[in-house]
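Peer 1: I'd like to ask some things about the structure below.
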Amino acid sequence: MFDKLKQAAALADLMKNKDKLREAGDRVREKMDRTQLIGVSGGGAARATVTGSMKVINIELSPGLVAGMAMDEKTRELAGSLIAEAVNDGLRQAQAKLQETLGEEARAMGLDGLPGLPGFN
């Protein structure tokens with residue numbers, strides 16, 4: 001019960017001090033922009049590098065996959081699937097990292113465990 005009261009007081013304090021909340025948002029955004037995660041599929045045949053802010057910045061394909069793409073349609077279709085899987089893996093990692101970072105900021109502001117806020121549980 002006292003934890004809930006502490007959380008409510010911390011939230012009320014934040015609403016009064018919007019600059020502090022904006023600064024926390026800026027810290028999260030900057031950290032996510034600098035964070036790079038690598039999604040992998042096909043045992044490493046396709047790799048996608050994404051930022052924590054959900055931007056794909058690089059796609060790498062294994063030489064064998066690239067060579068096969070020139071040979072037949074099935075390999076091109078496989079390559080497309082592997083690229084999509086790698087990108088989705090990277091984006092999933094980025095979402096998890098964002099939730100982790102939001103949780104860290106929430107704890108730092110005394111808001112951990114506040115229901116209904118993503119990453120704040």
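Residues in the structure tokens are named by chain (A, B, ... in the order shown) and by number from 1 within that chain; ligands are numbered from 1 in the order shown.
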Find the residues around stretch 44-53 of chain A up to 10 Å (only C-alpha atoms counted), leave out those fewer than 6 positions away in its own chain, and share them as number ranges by chain.
Peer 2: A: 28-38, 59-66, 79-98, 101
Peer 1: Select from chain A everything DSSP, run on the backbone, classes as helix (DSSP H, G or I), then give the selection as a PyMOL selection string.
Peer 2: chain A and resi 2-16+18-34+42-44+63-69+73-108
Peer 1: Within stretch 50-98 of chain A, find each residue whose DSSP state, derived from the backbone, is strand (DSSP E), and express the selection as a list in words.
Peer 2: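 DSSP-assigned strand (DSSP E) residues in stretch 50-98 of chain A: Val50, Thr51, Val56, Ile57, Asn58, Ile59, Glu60 and Leu61 of chain A.
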Peer 1: Could you save those same residues with C-alpha atoms as a PDB file, in the first residue's frame?
Peer 2:
```pdb
ATOM      1  CA  VAL A  50      18.910  -2.098 -36.384  1.00  0.00           C
ATOM      2  CA  THR A  51      18.996   0.782 -33.938  1.00  0.00           C
ATOM      3  CA  VAL A  56      17.351  -0.746 -40.173  1.00  0.00           C
ATOM      4  CA  ILE A  57      20.875   0.501 -40.878  1.00  0.00           C
ATOM      5  CA  ASN A  58      22.520  -2.487 -42.554  1.00  0.00           C
ATOM      6  CA  ILE A  59      21.732  -5.835 -44.183  1.00  0.00           C
ATOM      7  CA  GLU A  60      24.482  -8.439 -44.673  1.00  0.00           C
ATOM      8  CA  LEU A  61      24.100 -11.613 -46.727  1.00  0.00           C
TER       9      LEU A  61
END
```
Peer 1: How many Å separate atom CA of A:Ala24 from atom CA of A:Met109?
Peer 2: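 A separation of 8.7 Å between them.
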Peer 1: Quote the spacing between atom CA of A:Val40 and atom CA of A:Leu78 in Å to one decimal place.
Peer 2: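 Straight-line distance from atom CA of A:Val40 to atom CA of A:Leu78 works out to 14.2 Å.
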Peer 1: Just want the 9 Å neighbourhood of A:Gly25, counted on only C-alpha atoms, with same-chain residues fewer than 5 positions away dropped. Output as an NGL selection string.
Peer 2: :A and (20 or 30 or 102 or 105)
